[in-house]
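Coordinates as given in final.txt (compact mmCIF, C-alpha atoms):
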# COMPACT_ATOMS: atom_id res chain seq x y z
CA MET A 191 -50.87 -83.13 23.29
CA ALA A 192 -50.71 -79.46 22.34
CA MET A 193 -48.60 -78.65 25.41
CA ALA A 194 -46.15 -81.47 24.76
CA GLN A 195 -45.78 -80.63 21.06
CA LEU A 196 -45.42 -76.88 21.61
CA ASP A 197 -42.83 -77.32 24.33
CA GLY A 198 -39.79 -78.20 22.24
CA LEU A 199 -40.71 -75.96 19.30
CA VAL A 200 -41.17 -72.86 21.45
CA LEU A 201 -37.95 -73.55 23.35
CA THR A 202 -35.79 -73.84 20.23
CA ALA A 203 -36.41 -70.24 19.24
CA ALA A 204 -35.51 -69.04 22.74
CA LEU A 205 -32.15 -70.86 23.04
CA PRO A 206 -29.99 -67.87 21.96
CA SER A 207 -31.62 -65.69 24.65
CA ILE A 208 -31.12 -68.43 27.24
CA GLY A 209 -27.45 -68.74 26.35
CA ALA A 210 -26.90 -64.98 26.60
CA ASP A 211 -28.76 -64.60 29.90
CA LEU A 212 -27.13 -67.59 31.63
CA HIS A 213 -23.71 -66.88 30.09
CA ALA A 214 -23.65 -70.37 28.56
CA ARG A 215 -21.42 -70.50 25.52
CA THR A 216 -21.59 -74.28 25.37
CA GLY A 217 -24.02 -76.89 26.60
CA LEU A 218 -27.19 -75.35 25.18
CA VAL A 219 -27.82 -78.51 23.15
CA ALA A 220 -28.23 -80.34 26.46
CA VAL A 221 -31.27 -78.15 27.29
CA THR A 222 -33.23 -79.75 24.47
CA ALA A 223 -31.47 -83.12 24.64
CA ALA A 224 -32.30 -83.67 28.32
CA GLY A 225 -36.02 -83.32 27.70
CA LEU A 226 -35.85 -85.47 24.58
CA LEU A 227 -34.04 -88.27 26.42
CA THR A 228 -36.50 -88.54 29.29
CA LEU A 229 -39.51 -88.09 26.98
CA THR A 230 -38.35 -91.05 24.90
CA VAL A 231 -37.43 -93.37 27.74
CA ALA A 232 -40.52 -92.70 29.87
CA THR A 233 -43.10 -93.23 27.11
CA PRO A 234 -43.70 -96.99 27.65
CA LEU A 235 -43.62 -96.48 31.42
CA HIS A 236 -46.53 -94.04 31.23
CA GLY A 237 -48.40 -96.42 28.94
CA ARG A 238 -48.20 -99.18 31.54
CA LEU A 239 -49.17 -96.85 34.39
CA GLY A 240 -52.29 -95.86 32.47
CA ASP A 241 -53.20 -99.51 31.90
CA LEU A 242 -52.80 -100.29 35.59
CA TYR A 243 -54.32 -97.25 37.28
CA GLY A 244 -56.52 -95.60 34.65
CA ARG A 245 -55.98 -92.79 32.14
CA ARG A 246 -57.25 -90.07 34.47
CA VAL A 247 -54.72 -90.83 37.20
CA ALA A 248 -51.83 -91.23 34.74
CA PHE A 249 -52.71 -87.99 32.94
CA THR A 250 -53.14 -86.00 36.15
CA GLY A 251 -49.74 -87.13 37.40
CA SER A 252 -48.12 -86.24 34.06
CA VAL A 253 -49.62 -82.74 34.03
CA LEU A 254 -48.52 -82.06 37.61
CA VAL A 255 -44.96 -83.18 36.86
CA PHE A 256 -44.92 -81.13 33.65
CA ALA A 257 -46.21 -78.03 35.44
CA ALA A 258 -43.77 -78.36 38.35
CA ALA A 259 -40.88 -78.82 35.93
CA SER A 260 -42.01 -75.80 33.89
CA ALA A 261 -41.98 -73.64 37.04
CA TRP A 262 -38.49 -74.96 37.86
CA CYS A 263 -37.30 -74.16 34.32
CA ALA A 264 -38.64 -70.61 34.62
CA ALA A 265 -36.83 -70.08 37.94
CA ALA A 266 -33.57 -71.86 36.96
CA PRO A 267 -30.59 -69.73 38.09
CA ASP A 268 -28.01 -71.46 35.90
CA LEU A 269 -27.63 -73.85 32.98
CA GLY A 270 -27.19 -76.98 35.10
CA SER A 271 -30.43 -76.35 36.94
CA LEU A 272 -32.25 -75.69 33.66
CA ILE A 273 -30.97 -78.96 32.16
CA ALA A 274 -32.16 -80.93 35.20
CA ALA A 275 -35.56 -79.22 35.06
CA ARG A 276 -35.87 -80.01 31.34
CA ALA A 277 -35.23 -83.68 32.08
CA LEU A 278 -38.11 -83.65 34.56
CA GLN A 279 -40.28 -81.78 32.05
CA GLY A 280 -39.68 -84.47 29.43
CA LEU A 281 -40.78 -87.07 31.97
CA GLY A 282 -44.12 -85.33 32.33
CA GLY A 283 -44.46 -84.53 28.63
CA SER A 284 -44.19 -88.16 27.58
CA GLY A 285 -47.15 -88.98 29.80
CA LEU A 286 -49.25 -86.27 28.16
CA ILE A 287 -48.70 -87.78 24.71
CA VAL A 288 -49.14 -91.50 25.37
CA THR A 289 -52.05 -91.04 27.79
CA ALA A 290 -53.92 -88.82 25.33
CA MET A 291 -53.49 -91.37 22.54
CA SER A 292 -54.48 -94.27 24.80
CA ALA A 293 -57.55 -92.40 26.04
CA LEU A 294 -58.70 -91.76 22.47
CA GLY A 295 -58.43 -95.48 21.71
CA GLU A 296 -60.35 -96.31 24.88
CA LEU A 297 -63.14 -93.78 24.32
CA PHE A 298 -63.87 -94.11 20.59
CA ASP A 299 -64.25 -96.75 17.89
CA ARG A 300 -62.27 -96.73 14.65
CA GLY A 301 -64.76 -94.63 12.68
CA GLU A 302 -64.77 -91.89 15.30
CA LEU A 303 -60.98 -92.05 15.66
CA LEU A 304 -60.60 -91.42 11.94
CA ARG A 305 -63.01 -88.48 12.10
CA ARG A 306 -61.01 -87.00 14.96
CA GLN A 307 -57.75 -87.16 13.00
CA GLY A 308 -58.70 -83.74 11.62
CA ARG A 309 -58.66 -82.27 15.13
CA GLN A 310 -55.29 -83.84 15.86
CA THR A 311 -54.00 -82.39 12.58
CA ALA A 312 -55.17 -78.94 13.67
CA VAL A 313 -53.30 -79.32 16.99
CA PHE A 314 -50.17 -80.46 15.17
CA ALA A 315 -50.40 -77.62 12.62
CA ALA A 316 -50.87 -74.98 15.32
CA ALA A 317 -47.85 -76.29 17.25
CA THR A 318 -45.64 -76.63 14.17
CA LEU A 319 -46.44 -73.27 12.62
CA GLY A 320 -47.01 -71.25 15.78
CA GLY A 321 -44.39 -72.68 18.13
CA PRO A 322 -41.18 -71.08 16.79
CA PRO A 323 -42.70 -67.59 16.28
CA LEU A 324 -44.25 -67.73 19.76
CA GLY A 325 -40.91 -68.68 21.29
CA GLY A 326 -39.18 -65.84 19.48
CA LEU A 327 -41.79 -63.29 20.57
CA LEU A 328 -41.65 -64.36 24.21
CA ALA A 329 -37.85 -64.34 24.27
CA ALA A 330 -37.69 -60.90 22.64
CA GLY A 331 -40.52 -59.48 24.78
CA PRO A 332 -41.04 -60.46 28.41
CA GLY A 333 -38.06 -62.84 28.34
CA TRP A 334 -37.23 -66.50 27.79
CA ARG A 335 -38.54 -67.56 31.21
CA TRP A 336 -42.05 -66.90 29.92
CA VAL A 337 -41.54 -69.77 27.47
CA PHE A 338 -42.01 -72.00 30.51
CA LEU A 339 -44.39 -69.83 32.54
CA VAL A 340 -47.07 -70.00 29.82
CA ASN A 341 -47.27 -73.75 30.50
CA LEU A 342 -48.78 -73.11 33.95
CA PRO A 343 -52.21 -71.77 32.87
CA LEU A 344 -52.28 -74.37 30.08
CA SER A 345 -51.66 -77.06 32.69
CA VAL A 346 -54.61 -75.85 34.74
CA ALA A 347 -56.88 -76.05 31.69
CA ALA A 348 -55.54 -79.52 30.84
CA LEU A 349 -56.18 -80.73 34.39
CA VAL A 350 -59.78 -79.56 34.29
CA LEU A 351 -60.44 -81.10 30.88
CA GLY A 352 -58.63 -84.33 31.70
CA TRP A 353 -60.29 -84.85 35.08
CA HIS A 354 -63.76 -84.50 33.59
CA GLY A 355 -63.14 -86.17 30.24
CA LEU A 356 -60.72 -89.05 30.67
CA PRO A 357 -61.72 -92.57 31.75
CA ALA A 358 -61.11 -93.20 35.45
CA LYS A 359 -61.65 -96.94 35.81
CA PRO A 360 -58.45 -98.63 36.95
CA ARG A 361 -57.64 -102.21 36.13
CA GLN A 362 -59.01 -104.77 38.55
CA GLY A 363 -56.53 -107.28 39.95
CA LYS A 364 -53.27 -107.52 41.83
CA GLU A 365 -50.83 -106.61 39.06
CA GLN A 366 -48.02 -104.30 40.16
CA PHE A 367 -45.83 -101.92 38.24
CA ASP A 368 -42.60 -103.63 37.17
CA VAL A 369 -40.01 -101.38 38.83
CA LEU A 370 -36.96 -103.48 37.85
CA GLY A 371 -38.16 -103.64 34.26
CA GLY A 372 -38.57 -99.86 34.32
CA VAL A 373 -35.00 -99.40 35.53
CA LEU A 374 -33.60 -101.70 32.83
CA LEU A 375 -35.63 -99.98 30.11
CA THR A 376 -34.50 -96.58 31.37
CA VAL A 377 -30.84 -97.62 31.25
CA ALA A 378 -31.13 -99.10 27.74
CA GLY A 379 -33.18 -96.18 26.43
CA ALA A 380 -30.91 -93.56 27.96
CA ALA A 381 -27.85 -95.19 26.38
CA VAL A 382 -29.48 -95.22 22.93
CA GLY A 383 -30.73 -91.67 23.42
CA ALA A 384 -27.32 -90.42 24.47
CA LEU A 385 -25.76 -91.90 21.34
CA GLY A 386 -28.37 -90.25 19.16
CA THR A 387 -28.28 -86.89 20.90
CA PHE A 388 -24.68 -86.05 21.70
CA ASP A 389 -22.22 -86.11 18.79
CA ALA A 390 -19.24 -86.34 21.13
CA LEU A 391 -20.57 -89.59 22.59
CA ALA A 392 -21.56 -91.04 19.20
CA THR A 393 -18.04 -90.56 17.83
CA SER A 394 -15.99 -91.24 20.97
CA PRO A 395 -13.70 -94.30 20.79
CA LEU A 396 -14.33 -94.79 24.54
CA TRP A 397 -17.98 -93.91 25.11
CA THR A 398 -19.47 -95.33 21.91
CA PRO A 399 -18.61 -98.99 22.73
CA VAL A 400 -19.50 -98.44 26.41
CA LEU A 401 -22.93 -97.10 25.53
CA LEU A 402 -23.52 -99.77 22.88
CA GLY A 403 -22.56 -102.47 25.35
CA THR A 404 -24.83 -100.96 28.00
CA THR A 405 -27.72 -100.91 25.52
CA VAL A 406 -27.24 -104.56 24.55
CA VAL A 407 -26.86 -105.87 28.10
CA ALA A 408 -29.70 -103.82 29.58
CA GLY A 409 -31.91 -104.63 26.61
CA PHE A 410 -31.26 -108.37 26.96
CA LEU A 411 -31.98 -108.30 30.69
CA PHE A 412 -35.15 -106.27 30.08
CA VAL A 413 -36.49 -108.77 27.51
CA ARG A 414 -35.73 -111.69 29.84
CA ARG A 415 -37.43 -109.86 32.70
CA GLN A 416 -40.57 -109.24 30.61
CA ARG A 417 -40.83 -112.92 29.71
CA ARG A 418 -40.56 -114.09 33.33
CA THR A 419 -42.37 -111.53 35.46
CA PRO A 420 -46.13 -112.04 36.06
CA SER A 421 -46.73 -108.29 35.56
CA PRO A 422 -44.52 -107.19 32.64
CA LEU A 423 -43.97 -103.56 31.74
CA ILE A 424 -44.31 -104.37 28.04
CA SER A 425 -46.37 -107.53 27.81
CA PRO A 426 -45.20 -110.22 25.35
CA LYS A 427 -48.89 -110.46 24.41
CA VAL A 428 -48.45 -107.26 22.40
CA PHE A 429 -45.88 -108.99 20.22
CA ALA A 430 -47.92 -112.18 20.01
CA ASP A 431 -50.08 -110.33 17.48
CA PRO A 432 -48.00 -110.48 14.26
CA VAL A 433 -49.55 -107.27 12.90
CA LEU A 434 -48.73 -105.23 16.00
CA LYS A 435 -45.28 -106.81 16.25
CA ARG A 436 -44.47 -105.75 12.71
CA ALA A 437 -45.99 -102.32 13.30
CA VAL A 438 -43.59 -101.73 16.22
CA VAL A 439 -40.61 -102.77 14.07
CA VAL A 440 -41.74 -100.55 11.18
CA ASN A 441 -42.19 -97.61 13.56
CA GLY A 442 -38.62 -98.05 14.76
CA LEU A 443 -37.22 -98.23 11.22
CA ALA A 444 -39.35 -95.33 9.97
CA GLY A 445 -38.34 -93.30 13.03
CA ALA A 446 -34.67 -93.91 12.22
CA ALA A 447 -35.13 -92.92 8.57
CA LEU A 448 -37.40 -89.88 9.06
CA TYR A 449 -36.72 -88.59 12.60
CA GLY A 450 -33.06 -89.52 12.31
CA THR A 451 -32.49 -87.32 9.25
CA PHE A 452 -34.22 -84.16 10.51
CA THR A 453 -30.87 -82.93 11.83
CA TYR A 454 -29.32 -83.15 8.36
CA VAL A 455 -32.19 -81.75 6.27
CA ALA A 456 -31.25 -78.11 6.90
CA LEU A 457 -27.63 -78.84 5.86
CA VAL A 458 -28.75 -80.13 2.46
CA ALA A 459 -31.19 -77.25 2.01
CA ALA A 460 -28.49 -74.68 2.84
CA SER A 461 -26.09 -76.22 0.32
CA GLY A 462 -28.56 -75.64 -2.52
CA ALA A 463 -30.36 -72.45 -1.55
CA GLY A 464 -28.13 -70.60 0.91
CA ALA A 465 -29.31 -69.12 4.16
CA ALA A 466 -32.09 -67.08 2.56
CA GLY A 467 -33.72 -69.98 0.74
CA THR A 468 -33.28 -72.65 3.42
CA GLY A 469 -36.38 -71.63 5.32
CA LEU A 470 -38.49 -71.65 2.16
CA LEU A 471 -37.32 -75.15 1.27
CA LEU A 472 -38.06 -76.43 4.76
CA VAL A 473 -41.62 -75.15 4.38
CA ALA A 474 -42.05 -77.91 1.77
CA MET A 475 -41.52 -80.55 4.47
CA THR A 476 -44.04 -78.92 6.80
CA ALA A 477 -46.48 -78.59 3.89
CA GLY A 478 -46.14 -82.32 3.19
CA GLN A 479 -46.96 -83.11 6.82
CA LEU A 480 -50.01 -80.87 6.92
CA VAL A 481 -51.43 -81.78 3.50
CA LEU A 482 -51.17 -85.52 4.06
CA SER A 483 -52.43 -85.31 7.65
CA ALA A 484 -55.55 -83.52 6.46
CA SER A 485 -55.97 -85.87 3.49
CA PHE A 486 -55.59 -88.92 5.71
CA ALA A 487 -58.31 -87.69 8.04
CA ALA A 488 -60.72 -87.38 5.11
CA LEU A 489 -59.75 -90.33 2.91
CA ALA A 490 -59.20 -92.95 5.60
CA ARG A 491 -62.91 -92.98 6.38
CA ARG A 492 -63.58 -94.34 2.90
CA HIS A 493 -60.44 -96.47 2.79
CA PRO A 494 -59.93 -97.59 6.42
CA GLU A 495 -57.26 -100.25 5.83
CA MET A 496 -54.47 -98.91 8.05
CA THR A 497 -51.80 -101.36 6.92
CA ALA A 498 -52.21 -100.17 3.30
CA TRP A 499 -51.79 -96.59 4.44
CA GLY A 500 -48.69 -97.54 6.42
CA ARG A 501 -47.10 -99.28 3.43
CA SER A 502 -47.87 -96.28 1.23
CA GLY A 503 -46.17 -94.01 3.75
CA CYS A 504 -43.06 -96.21 3.73
CA LEU A 505 -42.84 -96.09 -0.08
CA LEU A 506 -43.38 -92.33 -0.10
CA GLY A 507 -40.61 -91.92 2.46
CA THR A 508 -38.25 -94.13 0.46
CA ALA A 509 -38.80 -92.04 -2.68
CA GLY A 510 -38.39 -88.75 -0.81
CA LEU A 511 -35.18 -89.78 0.96
CA ALA A 512 -33.70 -91.09 -2.29
CA ALA A 513 -34.49 -87.78 -4.01
CA ILE A 514 -32.78 -85.85 -1.21
CA ALA A 515 -29.74 -88.15 -1.45
CA VAL A 516 -29.43 -87.37 -5.19
CA ALA A 517 -29.97 -83.66 -4.46
CA ALA A 518 -27.20 -83.73 -1.83
CA ALA A 519 -24.83 -85.31 -4.33
CA SER A 520 -25.83 -82.59 -6.83
CA ASP A 521 -25.02 -79.69 -4.50
CA GLY A 522 -28.57 -79.42 -3.22
CA ALA A 523 -30.50 -79.15 -6.49
CA PRO A 524 -33.77 -77.41 -5.44
CA TRP A 525 -35.85 -79.10 -8.18
CA LEU A 526 -35.10 -82.45 -6.49
CA LEU A 527 -34.88 -81.23 -2.93
CA ALA A 528 -38.30 -79.55 -2.69
CA PRO A 529 -40.35 -82.60 -3.76
CA GLY A 530 -38.12 -84.85 -1.66
CA LEU A 531 -38.77 -82.74 1.44
CA PHE A 532 -42.49 -82.68 0.71
CA ALA A 533 -42.46 -86.48 0.37
CA ILE A 534 -40.68 -87.17 3.66
CA GLY A 535 -42.98 -84.76 5.48
CA ALA A 536 -45.96 -86.55 3.97
CA ALA A 537 -44.49 -89.96 4.82
CA PHE A 538 -44.01 -88.93 8.44
CA ALA A 539 -47.65 -87.83 8.67
CA VAL A 540 -49.05 -90.96 7.03
CA CYS A 541 -46.93 -93.47 8.97
CA THR A 542 -47.58 -91.80 12.31
CA SER A 543 -51.34 -91.53 11.76
CA ALA A 544 -51.81 -95.00 10.27
CA TYR A 545 -49.88 -96.96 12.87
CA THR A 546 -51.33 -94.93 15.75
CA VAL A 547 -54.89 -95.72 14.59
CA LEU A 548 -53.88 -99.34 13.99
CA GLY A 549 -52.62 -99.60 17.58
CA GLN A 550 -55.65 -97.81 19.01
CA THR A 551 -58.11 -100.12 17.28
CA ARG A 552 -56.29 -103.45 17.27
CA ALA A 553 -54.77 -103.60 20.75
CA ASP A 554 -56.44 -105.40 23.62
CA ARG A 555 -58.04 -102.78 25.87
CA ALA A 556 -56.08 -104.06 28.87
CA LEU A 557 -52.84 -103.43 26.95
CA LEU A 558 -53.80 -100.25 25.09
CA GLY A 559 -51.32 -97.99 26.87
CA VAL A 560 -48.51 -100.52 26.57
CA THR A 561 -49.16 -100.96 22.84
CA LEU A 562 -49.24 -97.25 22.04
CA GLY A 563 -46.29 -96.62 24.33
CA SER A 564 -44.32 -99.30 22.47
CA LEU A 565 -45.17 -97.79 19.08
CA THR A 566 -44.21 -94.29 20.20
CA PHE A 567 -41.05 -95.43 21.98
CA ALA A 568 -39.92 -97.38 18.90
CA ARG A 569 -40.37 -94.31 16.70
CA GLN A 570 -38.56 -91.94 19.06
CA ALA A 571 -35.72 -94.31 19.97
CA GLY A 572 -35.30 -95.18 16.29
CA GLY A 573 -34.93 -91.49 15.49
CA LEU A 574 -32.24 -90.98 18.14
CA ALA A 575 -30.32 -94.07 17.04
CA GLY A 576 -30.73 -93.18 13.35
CA ALA A 577 -29.26 -89.72 13.82
CA ALA A 578 -26.18 -91.21 15.48
CA VAL A 579 -25.71 -94.10 13.04
CA PHE A 580 -26.22 -92.02 9.89
CA GLY A 581 -23.82 -89.36 11.12
CA TRP A 582 -21.26 -92.02 12.00
CA LEU A 583 -21.57 -93.55 8.51
CA ALA A 584 -20.94 -90.16 6.92
CA LEU A 585 -17.87 -89.58 9.07
CA VAL A 586 -16.43 -93.05 8.39
CA THR A 587 -17.03 -93.07 4.63
CA THR A 588 -16.42 -89.43 3.66
CA GLY A 589 -14.84 -87.79 6.70
CA GLY A 590 -17.57 -85.20 7.31
CA LEU A 591 -20.96 -83.76 6.45
CA ALA A 592 -20.13 -82.09 3.17
CA ALA A 593 -22.14 -83.03 0.06
CA PRO A 594 -20.74 -86.61 -0.18
CA GLY A 595 -21.40 -87.25 3.50
CA LEU A 596 -24.97 -85.97 3.29
CA ALA A 597 -25.56 -88.17 0.26
CA VAL A 598 -24.46 -91.16 2.38
CA VAL A 599 -26.81 -90.12 5.21
CA PHE A 600 -29.90 -89.94 3.01
CA SER A 601 -28.99 -93.00 0.95
CA ALA A 602 -28.72 -95.05 4.15
CA ALA A 603 -32.02 -93.59 5.34
CA ALA A 604 -33.71 -94.50 2.03
CA VAL A 605 -32.49 -98.10 2.39
CA THR A 606 -33.78 -98.17 5.97
CA MET A 607 -37.18 -96.92 4.82
CA LEU A 608 -37.26 -99.57 2.09
CA VAL A 609 -36.61 -102.24 4.73
CA ALA A 610 -39.52 -100.75 6.72
CA TRP A 611 -41.77 -101.22 3.66
CA LEU A 612 -40.60 -104.83 3.24
CA THR A 613 -41.25 -105.46 6.95
CA SER A 614 -44.63 -103.72 7.20
CA PRO A 615 -47.78 -105.83 7.74
CA VAL A 616 -49.68 -106.38 4.52
CA VAL A 617 -53.31 -107.17 5.27
CA THR A 618 -55.55 -107.06 8.29
CA SER A 619 -59.33 -107.25 8.21
CA ALA A 620 -61.89 -105.69 10.49
CA ASP A 621 -62.54 -109.19 11.90
CA ALA A 622 -58.95 -109.33 13.10
CA VAL A 623 -59.26 -106.29 15.35
CA SER A 624 -58.86 -107.59 18.87
CA SER A 625 -60.23 -104.64 20.85
CA SER A 626 -63.87 -104.36 21.79
CA SER A 627 -64.25 -101.34 19.51
Would you mind giving the structure from this file in C-alpha cells?
Amino acid sequence: MAMAQLDGLVLTAALPSIGADLHARTGLVAVTAAGLLTLTVATPLHGRLGDLYGRRVAFTGSVLVFAAASAWCAAAPDLGSLIAARALQGLGGSGLIVTAMSALGELFDRGELLRRQGRQTAVFAAATLGGPPLGGLLAAGPGWRWVFLVNLPLSVAALVLGWHGLPAKPRQGKEQFDVLGGVLLTVAGAAVGALGTFDALATSPLWTPVLLGTTVVAGFLFVRRQRRTPSPLISPKVFADPVLKRAVVVNGLAGAALYGTFTYVALVAASGAGAAGTGLLLVAMTAGQLVLSASFAALARRHPEMTAWGRSGCLLGTAGLAAIAVAAASDGAPWLLAPGLFAIGAAFAVCTSAYTVLGQTRADRALLGVTLGSLTFARQAGGLAGAAVFGWLALVTTGGLAAPGLAVVFSAAAVTMLVAWLTSPVVTSADAVSSSS
C-alpha cells in the first residue's frame, strides 16, 4: 500500500523536471491521468482475481507488473512512452491496494482490524507528508528517473513480505475469470475516467456525449452480463446484502464530493490567501485526515459500529463542503476555509476507514476481494466523474472557475454529500456480519 500511495505523490513534484527533460510543453497531465485511469478501472478486476486464485498469487502478479512498469518509466525516451508505462504502472498499483485490503480482511477479525488502523494511518501519513518532498529531492538531485527506480528495491521487499505473509489458498471449484465482463467494465470505467480526467473531453460538444453514451451502453451490458454468467466479475450476491449495497453507493457519492473537489480546493485557497498562504491552508486538510485517522483507530475499538462512523463522516463532509462554498463566495475567507478544509479531510479519513472495515468484516470470505474492489472502484470512479460534473456545472452556470463558479462546485458537492448521508446504512449489528470473522 505504501508503494501505491507514494507513487502518485512523488511523481507530482517531479513533473516540471520531466517536462523540461523530455521537451514536453503539453501533455504532462496525461502522465498522471494514465496511471489514475488504469488504477481505477482495474481495481475490481484484481479483487476478483484474488478471490479466484488467492491473495498471494494476485499480489505477486501486481508487484511484478508494477516493478516492470516502473523500470519502463525510468527508461522512457519520450513522453508517449512514459504515458504508456504509467498506464501499465496503474494496472499494477491497483492490485497492490485491493489485494492488501482483502488480505487484511481474510487474516484478521474486526477487533484486530481496528487495532491495525493505526499502522495504516502511519503508512498514509508517511506517504502524504513525505511523498512530495521526496519527489522534489530526487528530481533536483539524481534526476526524475529515480522517482521510478526507487520502486525496484521496494518491490523486492514487498515480494518477500507478500510471499511469506499473504494467504495462498486459492478457491476450490471450476469458476473462471469473466473476460467479457472485464472488457465491458474496462470500457465503461475508462469512459468515466476520461471524462473526469481530461477537461477537453469533459467540455467537448462531440466527445462528451460519445463518452457518456459509451458509459451507459457498456455499463448496461456489464450489469446484464453479471446477472447471467455463472462466474460473475462482480457477483450480484454482494448487492444482495442491503448494507453492503448502500455502502457501495455511499462510497461513490462520497468519492464524487470529496475526491471530485480536490482539483478545486487549491483554487479557493489561492483566492483567499494568495500563493504564499495556499500551502498553509492546504495543511489544514491534511491535518484533518491524519487527526481523524488516528482518532478512528483508537475510538472505534470502543465504539465499533461502522455504519455510525460512516454517517458521521458524511455529515462532517457536508458541513465542510458547505463552509468552503460560502468561503468561495466570500473571496476565500480564511476563517471559513480553514475549518472547512479540516472537515473535508477528516470526512475523507472517516468514510474511507469505516466503509473499508465494514466491507472487510461483513463480506462473505469467497467474495472479499470483489466487495472491497467494488467499494474502492466506486470511490475512485465517483471522484473522476465528480470532478468532471462539478467543473461542467461551474462552466454552464457562471462561465468559469472564478469565485462564483467555485461556489457552485462546492455547493453541488455539499448536496452530493448530503445525499450520501441520506443513503448511508443506518444500523447493523455484530450478528449481521456474514463473514466467518
For stretch 375-460 of chain A against stretch 609-618 of chain A, with a cut-off of 12 Å and counting all atoms listed in the file, what is the closest atom pair and its distance in Å to one decimal for every residue that makes the cut, ordered by chain and number, as a tab-separated table?
residue	atom	partner	partner_atom	distance
A:Asp431	CA	A:Pro615	CA	11.0
A:Pro432	CA	A:Pro615	CA	8.0
A:Val433	CA	A:Pro615	CA	5.6
A:Leu434	CA	A:Pro615	CA	8.3
A:Lys435	CA	A:Pro615	CA	8.9
A:Arg436	CA	A:Ser614	CA	5.9
A:Ala437	CA	A:Ser614	CA	6.4
A:Val438	CA	A:Ser614	CA	9.3
A:Val439	CA	A:Thr613	CA	7.6
A:Val440	CA	A:Ala610	CA	5.0
A:Asn441	CA	A:Ala610	CA	8.0
A:Gly442	CA	A:Ala610	CA	8.5
A:Leu443	CA	A:Ala610	CA	5.6
A:Ala444	CA	A:Ala610	CA	6.3
A:Gly445	CA	A:Ala610	CA	9.8
A:Ala446	CA	A:Ala610	CA	10.0
A:Ala447	CA	A:Ala610	CA	9.2
A:Leu448	CA	A:Ala610	CA	11.3
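Distance annotation: of A:Ala604, A:Met193, A:Leu585, A:Leu423, the residue with the minimal separation from A:Thr561 is A:Leu423; atom set is all atoms listed in the file.
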Compare A:Ala204, A:Thr588, A:Gln195, A:Leu370 by their minimum atom-to-atom distance to A:Gly331, counting only C-alpha atoms, and give me the closest one.
->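 Going through A:Ala204, A:Thr588, A:Gln195, A:Leu370 one by one, the smallest distance to A:Gly331 is for A:Ala204.
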Using only C-alpha atoms, which of A:Leu396, A:Ala460, A:Ala317, A:Leu391 sits nearest A:Ala192?
-> A:Ala317
Considering all atoms listed in the file, return as a VMD selection string whatever protein or nucleic-acid residues lie within 9 Å of stretch 280-296 of chain A, sequence-local ones (same chain, fewer than 4 positions apart) excluded.
-> chain A and resid 191 to 195 197 224 to 237 240 to 241 245 to 246 248 to 257 259 275 to 276 300 303 356 to 357 546 to 547 549 to 551 553 555 558 to 563 566 627
Determine the nearest neighbour of A:Arg309 from the options A:Phe486, A:Phe429, A:Phe538, A:Phe567, counting all atoms listed in the file.
->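 Distance minimum relative to A:Arg309 lands on A:Phe486.
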Record the distance separating atom CA of A:Leu457 and atom CA of A:Leu596, expressed in Å with one decimal.
->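 Distance reported for this atom pair: 8.0 Å.
Distance annotation: of A:Arg492, A:His213, A:Tyr454, A:Leu608, the residue with the minimal separation from A:Ala584 is A:Tyr454; atom set is only C-alpha atoms.
From atom CA of A:Ala384 back to atom CA of A:Gly270, the distance works out to 17.1 Å.
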Distance atom CA of A:Ala261-atom CA of A:Leu339, one decimal place?
-> 6.4 Å
Would you kindly return, as a compact mmCIF listing (two decimals) with C-alpha atoms, keeping the file's coordinate frame, each protein, DNA or RNA residue with an atom no farther than 8 Å from any atom of stretch 474-482 of chain A, considering only C-alpha atoms and excluding same-chain residues fewer than 6 positions away?
# COMPACT_ATOMS: atom_id res chain seq x y z
CA THR A 311 -54.00 -82.39 12.58
CA ALA A 315 -50.40 -77.62 12.62
CA THR A 318 -45.64 -76.63 14.17
CA ALA A 528 -38.30 -79.55 -2.69
CA PRO A 529 -40.35 -82.60 -3.76
CA LEU A 531 -38.77 -82.74 1.44
CA PHE A 532 -42.49 -82.68 0.71
CA ALA A 533 -42.46 -86.48 0.37
CA ILE A 534 -40.68 -87.17 3.66
CA GLY A 535 -42.98 -84.76 5.48
CA ALA A 536 -45.96 -86.55 3.97
CA ALA A 537 -44.49 -89.96 4.82
CA PHE A 538 -44.01 -88.93 8.44
CA ALA A 539 -47.65 -87.83 8.67
CA VAL A 540 -49.05 -90.96 7.03
Neighbour list for A:Ser520 as number ranges by chain, cut-off 10 Å, all atoms listed in the file, skip fewer than 4 positions in-chain = A: 461-462, 514-516, 524, 526-527, 593-594, 597
List every protein, DNA or RNA residue with an atom no more than 10 Å from (-31.0, -70.5, 26.0) in the file's coordinates, counting only C-alpha atoms, and format the result as a PyMOL selection string.
-> chain A and resi 201-215+217-219+221-222+269+272+329+334-335
Which is closer to A:Phe314 than all the others in A:Val340, A:Ala484, A:Leu511, A:Val346, using only C-alpha atoms?
-> A:Ala484
Contacts of A:Leu304 at 8 Å or less, counting only C-alpha atoms, minus same-chain residues fewer than 2 places along, as an NGL selection string?
-> :A and (300-302 or 306-308 or 487-488 or 490-491 or 547)
Expected file: the selected residues, C-alpha atoms, as a PDB file, keeping the file's coordinate frame:
ATOM      1  CA  ARG A 300     -62.270 -96.730  14.650  1.00  0.00           C
ATOM      2  CA  GLY A 301     -64.760 -94.630  12.680  1.00  0.00           C
ATOM      3  CA  GLU A 302     -64.770 -91.890  15.300  1.00  0.00           C
ATOM      4  CA  ARG A 306     -61.010 -87.000  14.960  1.00  0.00           C
ATOM      5  CA  GLN A 307     -57.750 -87.160  13.000  1.00  0.00           C
ATOM      6  CA  GLY A 308     -58.700 -83.740  11.620  1.00  0.00           C
ATOM      7  CA  ALA A 487     -58.310 -87.690   8.040  1.00  0.00           C
ATOM      8  CA  ALA A 488     -60.720 -87.380   5.110  1.00  0.00           C
ATOM      9  CA  ALA A 490     -59.200 -92.950   5.600  1.00  0.00           C
ATOM     10  CA  ARG A 491     -62.910 -92.980   6.380  1.00  0.00           C
ATOM     11  CA  VAL A 547     -54.890 -95.720  14.590  1.00  0.00           C
TER      12      VAL A 547
END
